[in-house]
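> Here you go, this is upload15.txt (compact mmCIF, C-alpha atoms).
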# COMPACT_ATOMS: atom_id res chain seq x y z
CA MET A 1249 7.06 4.99 -3.11
CA ASN A 1250 5.16 3.36 -5.94
CA ALA A 1251 6.17 -0.29 -5.83
CA ILE A 1252 4.24 -1.32 -8.92
CA PRO A 1253 6.17 -1.43 -12.22
CA ILE A 1254 4.69 0.58 -15.10
CA SER A 1255 4.74 -2.51 -17.32
CA TRP A 1256 2.03 -4.11 -15.16
CA TYR A 1257 -0.31 -1.24 -15.99
CA LEU A 1258 0.56 -1.65 -19.67
CA VAL A 1259 -0.14 -5.38 -19.56
CA LEU A 1260 -3.51 -4.67 -17.89
CA SER A 1261 -4.21 -2.16 -20.66
CA ALA A 1262 -3.31 -4.73 -23.33
CA ILE A 1263 -5.53 -7.38 -21.72
CA LEU A 1264 -8.49 -4.96 -21.58
CA PHE A 1265 -7.93 -3.92 -25.21
CA GLY A 1266 -7.81 -7.56 -26.34
CA LEU A 1267 -11.01 -8.33 -24.43
CA GLY A 1268 -12.58 -5.28 -26.11
CA VAL A 1269 -11.61 -6.61 -29.55
CA ILE A 1270 -13.05 -10.04 -28.68
CA ALA A 1271 -16.27 -8.40 -27.46
CA PHE A 1272 -16.42 -6.31 -30.67
CA VAL A 1273 -16.38 -9.35 -32.96
CA PHE A 1274 -18.32 -11.63 -30.63
CA LYS A 1275 -21.31 -9.55 -29.55
CA ARG A 1276 -24.32 -9.41 -31.86
CA ASN A 1277 -26.15 -6.46 -30.31
CA VAL A 1278 -25.41 -2.96 -31.65
CA ILE A 1279 -25.44 -1.41 -28.16
CA THR A 1280 -23.03 -4.03 -26.80
CA VAL A 1281 -20.71 -3.50 -29.78
CA PHE A 1282 -20.68 0.20 -28.87
CA MET A 1283 -19.87 -0.72 -25.28
CA SER A 1284 -16.88 -2.81 -26.42
CA ILE A 1285 -15.58 0.24 -28.32
CA GLU A 1286 -15.81 2.19 -25.05
CA LEU A 1287 -13.88 -0.63 -23.34
CA MET A 1288 -11.09 -0.35 -25.94
CA LEU A 1289 -10.97 3.45 -25.46
CA ASN A 1290 -10.65 2.90 -21.71
CA ALA A 1291 -7.75 0.51 -22.23
CA VAL A 1292 -5.97 3.06 -24.44
CA ASN A 1293 -6.55 5.75 -21.78
CA LEU A 1294 -4.89 3.52 -19.19
CA ALA A 1295 -1.85 3.12 -21.48
CA PHE A 1296 -1.70 6.93 -21.95
CA VAL A 1297 -1.76 7.57 -18.19
CA ALA A 1298 0.84 4.85 -17.54
CA PHE A 1299 3.20 6.29 -20.17
CA ALA A 1300 2.65 9.82 -18.83
CA ARG A 1301 3.67 8.51 -15.43
CA ALA A 1302 6.67 6.61 -16.78
CA HIS A 1303 8.09 9.68 -18.55
CA ASP A 1304 6.94 12.22 -15.94
CA GLN A 1305 5.20 14.29 -18.61
CA LEU A 1306 1.63 15.48 -18.37
CA ASP A 1307 0.93 15.54 -22.13
CA GLY A 1308 -0.45 12.02 -21.84
CA LEU A 1309 -3.07 13.20 -19.35
CA VAL A 1310 -4.14 16.00 -21.73
CA PHE A 1311 -4.57 13.38 -24.45
CA VAL A 1312 -6.69 11.26 -22.09
CA PHE A 1313 -8.87 14.31 -21.55
CA PHE A 1314 -9.36 14.70 -25.33
CA VAL A 1315 -10.05 10.98 -25.77
CA ILE A 1316 -12.76 11.15 -23.10
CA VAL A 1317 -14.35 14.19 -24.77
CA VAL A 1318 -14.35 12.51 -28.19
CA ALA A 1319 -15.75 9.29 -26.66
CA ALA A 1320 -18.62 11.24 -25.09
CA ALA A 1321 -19.42 12.88 -28.45
CA GLU A 1322 -19.18 9.49 -30.18
CA ALA A 1323 -21.54 7.91 -27.65
CA ALA A 1324 -24.13 10.68 -28.15
CA VAL A 1325 -24.10 10.41 -31.98
CA GLY A 1326 -23.78 6.62 -31.95
CA LEU A 1327 -26.73 6.08 -29.65
CA ALA A 1328 -28.82 8.44 -31.79
CA ILE A 1329 -27.93 6.19 -34.75
CA VAL A 1330 -28.89 3.12 -32.69
CA ILE A 1331 -32.31 4.66 -31.92
CA MET A 1332 -32.83 5.39 -35.65
CA LEU A 1333 -31.83 1.81 -36.45
CA ALA A 1334 -34.24 0.37 -33.90
CA GLN A 1335 -37.07 2.49 -35.32
CA ASN A 1336 -36.39 1.50 -38.93
CA ARG A 1337 -35.49 -2.18 -38.54
CA GLN A 1338 -37.34 -3.27 -35.38
CA SER A 1339 -34.17 -5.13 -34.39
CA LEU A 1340 -30.83 -4.39 -32.77
CA SER A 1341 -28.90 -7.33 -34.23
CA VAL A 1342 -25.95 -6.28 -36.37
CA GLU A 1343 -26.81 -9.03 -38.88
CA ARG A 1344 -30.09 -7.33 -39.78
CA VAL A 1345 -28.18 -4.26 -40.95
CA ASN A 1346 -26.89 -5.62 -44.25
CA LEU A 1347 -28.14 -3.19 -46.89
CA LEU A 1348 -24.61 -2.16 -47.91
CA LYS A 1349 -23.28 -5.71 -47.70
CA PHE A 1350 -22.05 -7.25 -50.94
CA MET B 1158 4.54 -0.52 0.66
CA ILE B 1159 2.36 -3.57 0.11
CA LEU B 1160 -0.95 -1.66 0.13
CA PRO B 1161 -0.71 -0.15 -3.41
CA LEU B 1162 0.12 -3.62 -4.72
CA ILE B 1163 -3.00 -5.10 -3.09
CA ILE B 1164 -5.20 -2.27 -4.42
CA PHE B 1165 -3.74 -2.65 -7.91
CA ALA B 1166 -4.22 -6.43 -7.90
CA LEU B 1167 -7.82 -6.08 -6.70
CA CYS B 1168 -8.68 -3.38 -9.28
CA ALA B 1169 -6.96 -5.27 -12.11
CA LEU B 1170 -8.90 -8.42 -11.24
CA LEU B 1171 -12.17 -6.46 -11.07
CA ALA B 1172 -11.44 -4.75 -14.41
CA VAL B 1173 -10.55 -7.96 -16.25
CA GLY B 1174 -13.48 -9.79 -14.60
CA GLY B 1175 -15.84 -7.00 -15.66
CA ALA B 1176 -14.55 -7.14 -19.24
CA VAL B 1177 -15.04 -10.93 -19.33
CA ALA B 1178 -18.54 -10.48 -17.87
CA LEU B 1179 -19.28 -7.94 -20.63
CA ILE B 1180 -18.49 -10.63 -23.22
CA LEU B 1181 -20.33 -13.47 -21.47
CA ALA B 1182 -23.52 -11.58 -20.51
CA ARG B 1183 -26.52 -12.24 -22.75
CA GLU B 1184 -28.56 -9.20 -21.72
CA PRO B 1185 -27.22 -5.75 -22.77
CA ILE B 1186 -28.05 -4.28 -19.36
CA HIS B 1187 -25.75 -6.82 -17.68
CA SER B 1188 -22.98 -5.86 -20.11
CA ALA B 1189 -23.55 -2.19 -19.24
CA LEU B 1190 -23.25 -2.87 -15.52
CA ALA B 1191 -20.06 -4.89 -16.11
CA LEU B 1192 -18.63 -1.97 -18.11
CA ILE B 1193 -19.41 0.41 -15.22
CA LEU B 1194 -17.45 -1.95 -12.94
CA VAL B 1195 -14.48 -1.80 -15.36
CA MET B 1196 -14.61 2.01 -15.48
CA VAL B 1197 -14.79 2.47 -11.70
CA SER B 1198 -11.87 0.11 -11.09
CA LEU B 1199 -9.87 1.91 -13.81
CA ALA B 1200 -10.56 5.19 -11.95
CA VAL B 1201 -8.95 3.68 -8.83
CA VAL B 1202 -5.98 2.60 -10.98
CA TYR B 1203 -5.65 6.23 -12.21
CA LEU B 1204 -5.53 7.35 -8.57
CA LEU B 1205 -2.71 4.83 -7.99
CA LEU B 1206 -0.90 6.32 -11.00
CA GLY B 1207 -1.09 9.79 -9.46
CA ALA B 1208 -3.69 11.27 -11.81
CA PRO B 1209 -6.60 12.39 -9.56
CA PHE B 1210 -8.12 14.70 -12.21
CA VAL B 1211 -8.32 11.90 -14.78
CA ALA B 1212 -9.85 9.62 -12.13
CA ALA B 1213 -12.53 12.22 -11.35
CA VAL B 1214 -13.29 12.79 -15.04
CA GLN B 1215 -13.44 9.02 -15.56
CA ILE B 1216 -16.11 8.71 -12.85
CA ILE B 1217 -18.08 11.82 -13.83
CA VAL B 1218 -18.02 11.59 -17.62
CA TYR B 1219 -17.59 7.86 -18.34
CA ALA B 1220 -19.27 6.05 -15.45
CA GLY B 1221 -21.70 8.93 -15.01
CA ALA B 1222 -22.78 10.56 -18.27
CA VAL B 1223 -21.84 8.05 -20.98
CA MET B 1224 -23.05 4.95 -19.15
CA VAL B 1225 -26.27 6.64 -18.06
CA LEU B 1226 -26.85 7.37 -21.75
CA PHE B 1227 -26.22 3.71 -22.60
CA VAL B 1228 -28.53 2.42 -19.85
CA PHE B 1229 -31.17 4.96 -20.88
CA VAL B 1230 -31.10 3.77 -24.51
CA ILE B 1231 -31.22 0.11 -23.39
CA MET B 1232 -34.30 0.87 -21.28
CA LEU B 1233 -35.88 3.00 -24.04
CA LEU B 1234 -35.52 0.30 -26.70
CA ASN B 1235 -36.44 -2.49 -24.26
CA THR B 1236 -33.80 -4.85 -25.61
CA GLY B 1237 -33.90 -8.50 -24.64
CA ALA B 1238 -31.24 -11.19 -24.86
CA GLU B 1239 -29.27 -11.10 -28.10
CA GLU B 1240 -29.99 -13.65 -30.80
CA HIS B 1241 -27.29 -15.96 -32.11
CA THR B 1242 -27.24 -17.00 -35.75
CA SER B 1243 -24.96 -19.18 -37.85
CA PHE B 1244 -22.62 -16.26 -38.49
CA SER B 1245 -22.07 -15.88 -34.74
CA LYS B 1246 -20.29 -19.24 -34.66
CA ILE B 1247 -17.81 -18.07 -37.32
CA ALA B 1248 -17.22 -14.96 -35.23
CA LYS B 1249 -16.63 -17.16 -32.19
CA PHE B 1250 -14.12 -19.47 -33.90
CA VAL B 1251 -12.23 -16.73 -35.75
CA GLY B 1252 -12.68 -13.73 -33.47
CA VAL B 1253 -11.71 -15.23 -30.13
CA PRO B 1254 -8.32 -16.70 -31.25
CA LEU B 1255 -7.62 -13.48 -33.17
CA GLY B 1256 -8.37 -11.38 -30.09
CA LEU B 1257 -6.22 -13.62 -27.88
CA VAL B 1258 -3.30 -13.39 -30.32
CA LEU B 1259 -3.69 -9.59 -30.44
CA MET B 1260 -3.84 -9.40 -26.64
CA LEU B 1261 -0.70 -11.52 -26.18
CA TRP B 1262 1.16 -9.65 -28.93
CA ILE B 1263 0.37 -6.16 -27.61
CA GLY B 1264 1.06 -7.24 -24.03
CA HIS B 1265 4.40 -8.79 -24.98
CA TRP B 1266 5.41 -5.76 -27.05
CA MET B 1267 4.46 -3.24 -24.37
CA PHE B 1268 6.12 -5.26 -21.62
CA HIS B 1269 9.42 -5.30 -23.50
CA ALA B 1270 9.19 -1.75 -24.86
CA GLN B 1271 8.96 -0.44 -21.32
CA ALA B 1272 11.45 -2.75 -19.62
CA GLY B 1273 14.52 -0.65 -20.39
CA SER B 1274 13.37 2.81 -19.38
CA ALA B 1275 13.45 4.13 -15.84
CA ILE B 1276 10.22 4.59 -13.91
CA GLY B 1277 9.68 8.07 -12.53
CA THR B 1278 7.69 8.10 -9.33
CA ALA B 1279 8.05 11.62 -7.99
CA GLU B 1280 5.89 12.13 -4.92
CA GLY B 1281 5.40 15.85 -5.61
CA MET B 1282 3.76 15.08 -8.95
CA VAL B 1283 0.62 13.79 -7.26
CA GLN B 1284 -0.17 17.10 -5.61
CA SER B 1285 0.75 19.39 -8.48
CA SER B 1286 -0.50 17.32 -11.40
CA THR B 1287 -3.95 18.92 -11.60
CA THR B 1288 -2.51 22.45 -11.50
CA GLU B 1289 0.12 21.62 -14.08
CA LEU B 1290 -2.46 19.83 -16.21
CA SER B 1291 -4.79 22.85 -16.28
CA LYS B 1292 -1.89 25.16 -17.16
CA MET B 1293 -0.93 22.86 -20.02
CA LEU B 1294 -4.53 22.52 -21.20
CA PHE B 1295 -5.23 26.25 -21.30
CA GLN B 1296 -1.86 27.38 -22.67
CA GLN B 1297 -0.11 24.82 -24.80
CA TYR B 1298 -3.24 22.90 -25.86
CA LEU B 1299 -5.66 25.83 -26.02
CA PHE B 1300 -6.51 25.41 -29.72
CA PRO B 1301 -7.32 21.66 -29.47
CA PHE B 1302 -9.38 22.43 -26.36
CA GLU B 1303 -11.46 25.00 -28.26
CA ALA B 1304 -11.75 22.61 -31.20
CA THR B 1305 -13.25 19.95 -28.92
CA SER B 1306 -15.93 22.41 -27.84
CA ILE B 1307 -16.90 22.84 -31.52
CA LEU B 1308 -16.86 19.04 -31.85
CA ILE B 1309 -19.21 18.65 -28.87
CA LEU B 1310 -21.55 21.26 -30.36
CA ILE B 1311 -21.61 19.45 -33.74
CA ALA B 1312 -22.22 16.09 -32.00
CA LEU B 1313 -25.08 17.65 -30.03
CA LEU B 1314 -26.68 19.02 -33.20
CA GLY B 1315 -26.15 15.72 -35.04
CA ALA B 1316 -27.76 13.69 -32.26
CA LEU B 1317 -30.70 16.14 -32.14
CA VAL B 1318 -31.25 16.03 -35.91
CA MET B 1319 -31.08 12.23 -36.01
CA ALA B 1320 -33.30 11.58 -32.99
CA ARG B 1321 -35.96 14.04 -34.20
CA LYS B 1322 -39.19 12.60 -35.58
CA GLU B 1323 -39.78 13.15 -39.29
CA GLU B 1324 -42.93 15.06 -40.14
For this file, write the structure as structure tokens.

Amino acid sequence: MNAIPISWYLVLSAILFGLGVIAFVFKRNVITVFMSIELMLNAVNLAFVAFARAHDQLDGLVFVFFVIVVAAAEAAVGLAIVIMLAQNRQSLSVERVNLLKF
Amino acid sequence: MILPLIIFALCALLAVGGAVALILAREPIHSALALILVMVSLAVVYLLLGAPFVAAVQIIVYAGAVMVLFVFVIMLLNTGAEEHTSFSKIAKFVGVPLGLVLMLWIGHWMFHAQAGSAIGTAEGMVQSSTTELSKMLFQQYLFPFEATSILILIALLGALVMARKEE
């Protein structure tokens, strides 16, 4: 029934992951850098679901569930850190956060 | 037969276009909206892959909860367009080729890793996948499931402690 090869989903996942990496190094705003991490997690989820489909095993879907839960926890803690950063530095640029930089 | 192909092509184009828009947008709120577009089109792709539960969770948790949190923080901090400094140009000239090489390499590797194996497309899996998934989650993966609840609790406490005002 499904006429689409699994490898197409995997290539879409790879493209989204690569775009997430580019966004991670390219964006200068802390919030946008966080969003590119979420984009990479989404790409990995797509690969998990595609592999679960390819092998007819549901373990991949359980892992997607755990990835989503961890991403939600990460977003909550990360955005709390971003709010702290904005209060202490009056800026959201990642270049202003250089206290630990050599 | 041709309909799933059209839906996949449309959603893939929307997802890649949203990801590119995330990179090109200057305002964080535009990036957030582009990311919501990516997540919604990925949910449709999950439906095509026969995973309705994952699609629902993607919409509810990712496009709903997580992105609302992002948009809320963007509004709260009133962020404007991002500033570009001299270091940004280094990031542009090193990061973009590096990302493109990574994208091509992973895509090439995945395409060839998968080419040999057969593709299972059982029709019955679509109906039973949510039932089977819940059985697996609450039997085989019960301990990790409980561990994630502890993780969520710790994350909640951590966010509360950090966001609290110091007296």
> Might you pull out every residue within 7 Å of segment 1303-1318 of chain A, with all atoms listed in the file counted and same-chain residues fewer than 4 positions away left off, and present them as a list of chain:residue names?
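The contact residues come out as A:Asn1293, A:Phe1296, A:Val1297, A:Phe1299, A:Glu1322, B:Gly1277, B:Leu1290, B:Leu1294.
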> Write the selection just made, keeping C-alpha atoms, as a compact mmCIF listing (two decimals), keeping the file's coordinate frame?

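Writing done, so here's part06.txt:
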# COMPACT_ATOMS: atom_id res chain seq x y z
CA ASN A 1293 -6.55 5.75 -21.78
CA PHE A 1296 -1.70 6.93 -21.95
CA VAL A 1297 -1.76 7.57 -18.19
CA PHE A 1299 3.20 6.29 -20.17
CA GLU A 1322 -19.18 9.49 -30.18
CA GLY B 1277 9.68 8.07 -12.53
CA LEU B 1290 -2.46 19.83 -16.21
CA LEU B 1294 -4.53 22.52 -21.20
> Of the candidates A:Ala1320, A:Leu1348, A:Val1278, A:Asn1336, which shows the shortest atom-to-atom distance to chain B, using all atoms listed in the file?
A:Ala1320
> Using all atoms listed in the file, which of the listed residues (B:Val1251, B:Ala1213, B:Cys1168, B:Ile1186) sits closest to Leu1234 of chain B?
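Using all atoms listed in the file, the shortest distance to Leu1234 of chain B belongs to B:Ile1186.
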> Find the distance between atom CA of Ala1300 of chain A and atom CA of Tyr1257 of chain A and write it in Å to one decimal.
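Spanning atom CA of Ala1300 of chain A to atom CA of Tyr1257 of chain A is a straight-line distance of 11.8 Å.
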> For Phe1282 of chain A, work out the shell of residues within 9 Å, counting all atoms listed in the file and skipping chain neighbours fewer than 5 positions away, then give it as a PDB file with C-alpha atoms, keeping the file's coordinate frame.

ATOM      1  CA  PHE A1272     -16.420  -6.310 -30.670  1.00  0.00           C
ATOM      2  CA  ASN A1277     -26.150  -6.460 -30.310  1.00  0.00           C
ATOM      3  CA  LEU A1287     -13.880  -0.630 -23.340  1.00  0.00           C
ATOM      4  CA  ALA A1323     -21.540   7.910 -27.650  1.00  0.00           C
ATOM      5  CA  GLY A1326     -23.780   6.620 -31.950  1.00  0.00           C
ATOM      6  CA  LEU A1327     -26.730   6.080 -29.650  1.00  0.00           C
TER       7      LEU A1327
END
> Which residue, B:Ser1188, B:Gln1296, B:Thr1288, B:Asn1235, has the smallest gap to chain A when you use all atoms listed in the file?
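Comparing B:Ser1188, B:Gln1296, B:Thr1288, B:Asn1235 against chain A, the winner is B:Ser1188.
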> Contacts of Val1269 of chain A at 10 Å or less, counting all atoms listed in the file, minus same-chain residues fewer than 4 places along, as a list in words?
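Listing them by chain and then by number gives Ile1263, Leu1264, Phe1265, Val1273, Phe1274, Val1281, Ser1284, Ile1285, Leu1287 and Met1288 of chain A; Gly1252, Val1253, Leu1255, Gly1256, Leu1257, Leu1259 and Met1260 of chain B.
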> Which residues, written as a short mmCIF file (atom, residue, chain, number, x, y, z; two decimals) with C-alpha atoms, keeping the file's coordinate frame, have at least one atom at most 12 Å from Gly1264 of chain B, with only C-alpha atoms counted and residues fewer than 2 positions away on the same chain left out?

data_model
loop_
_atom_site.label_atom_id
_atom_site.label_comp_id
_atom_site.auth_asym_id
_atom_site.auth_seq_id
_atom_site.Cartn_x
_atom_site.Cartn_y
_atom_site.Cartn_z
CA SER A 1255 4.74 -2.51 -17.32
CA TRP A 1256 2.03 -4.11 -15.16
CA TYR A 1257 -0.31 -1.24 -15.99
CA LEU A 1258 0.56 -1.65 -19.67
CA VAL A 1259 -0.14 -5.38 -19.56
CA LEU A 1260 -3.51 -4.67 -17.89
CA SER A 1261 -4.21 -2.16 -20.66
CA ALA A 1262 -3.31 -4.73 -23.33
CA ILE A 1263 -5.53 -7.38 -21.72
CA LEU A 1264 -8.49 -4.96 -21.58
CA PHE A 1265 -7.93 -3.92 -25.21
CA GLY A 1266 -7.81 -7.56 -26.34
CA ALA A 1291 -7.75 0.51 -22.23
CA ALA A 1295 -1.85 3.12 -21.48
CA GLY B 1256 -8.37 -11.38 -30.09
CA LEU B 1257 -6.22 -13.62 -27.88
CA VAL B 1258 -3.30 -13.39 -30.32
CA LEU B 1259 -3.69 -9.59 -30.44
CA MET B 1260 -3.84 -9.40 -26.64
CA LEU B 1261 -0.70 -11.52 -26.18
CA TRP B 1262 1.16 -9.65 -28.93
CA TRP B 1266 5.41 -5.76 -27.05
CA MET B 1267 4.46 -3.24 -24.37
CA PHE B 1268 6.12 -5.26 -21.62
CA HIS B 1269 9.42 -5.30 -23.50
CA ALA B 1270 9.19 -1.75 -24.86
CA GLN B 1271 8.96 -0.44 -21.32
#
> Need to verify the contact set: Ala1312 of chain B, 9 Å, all atoms listed in the file, exclusion of same-chain residues closer than 4 positions in sequence. Can you return it as a count of residues only?
8
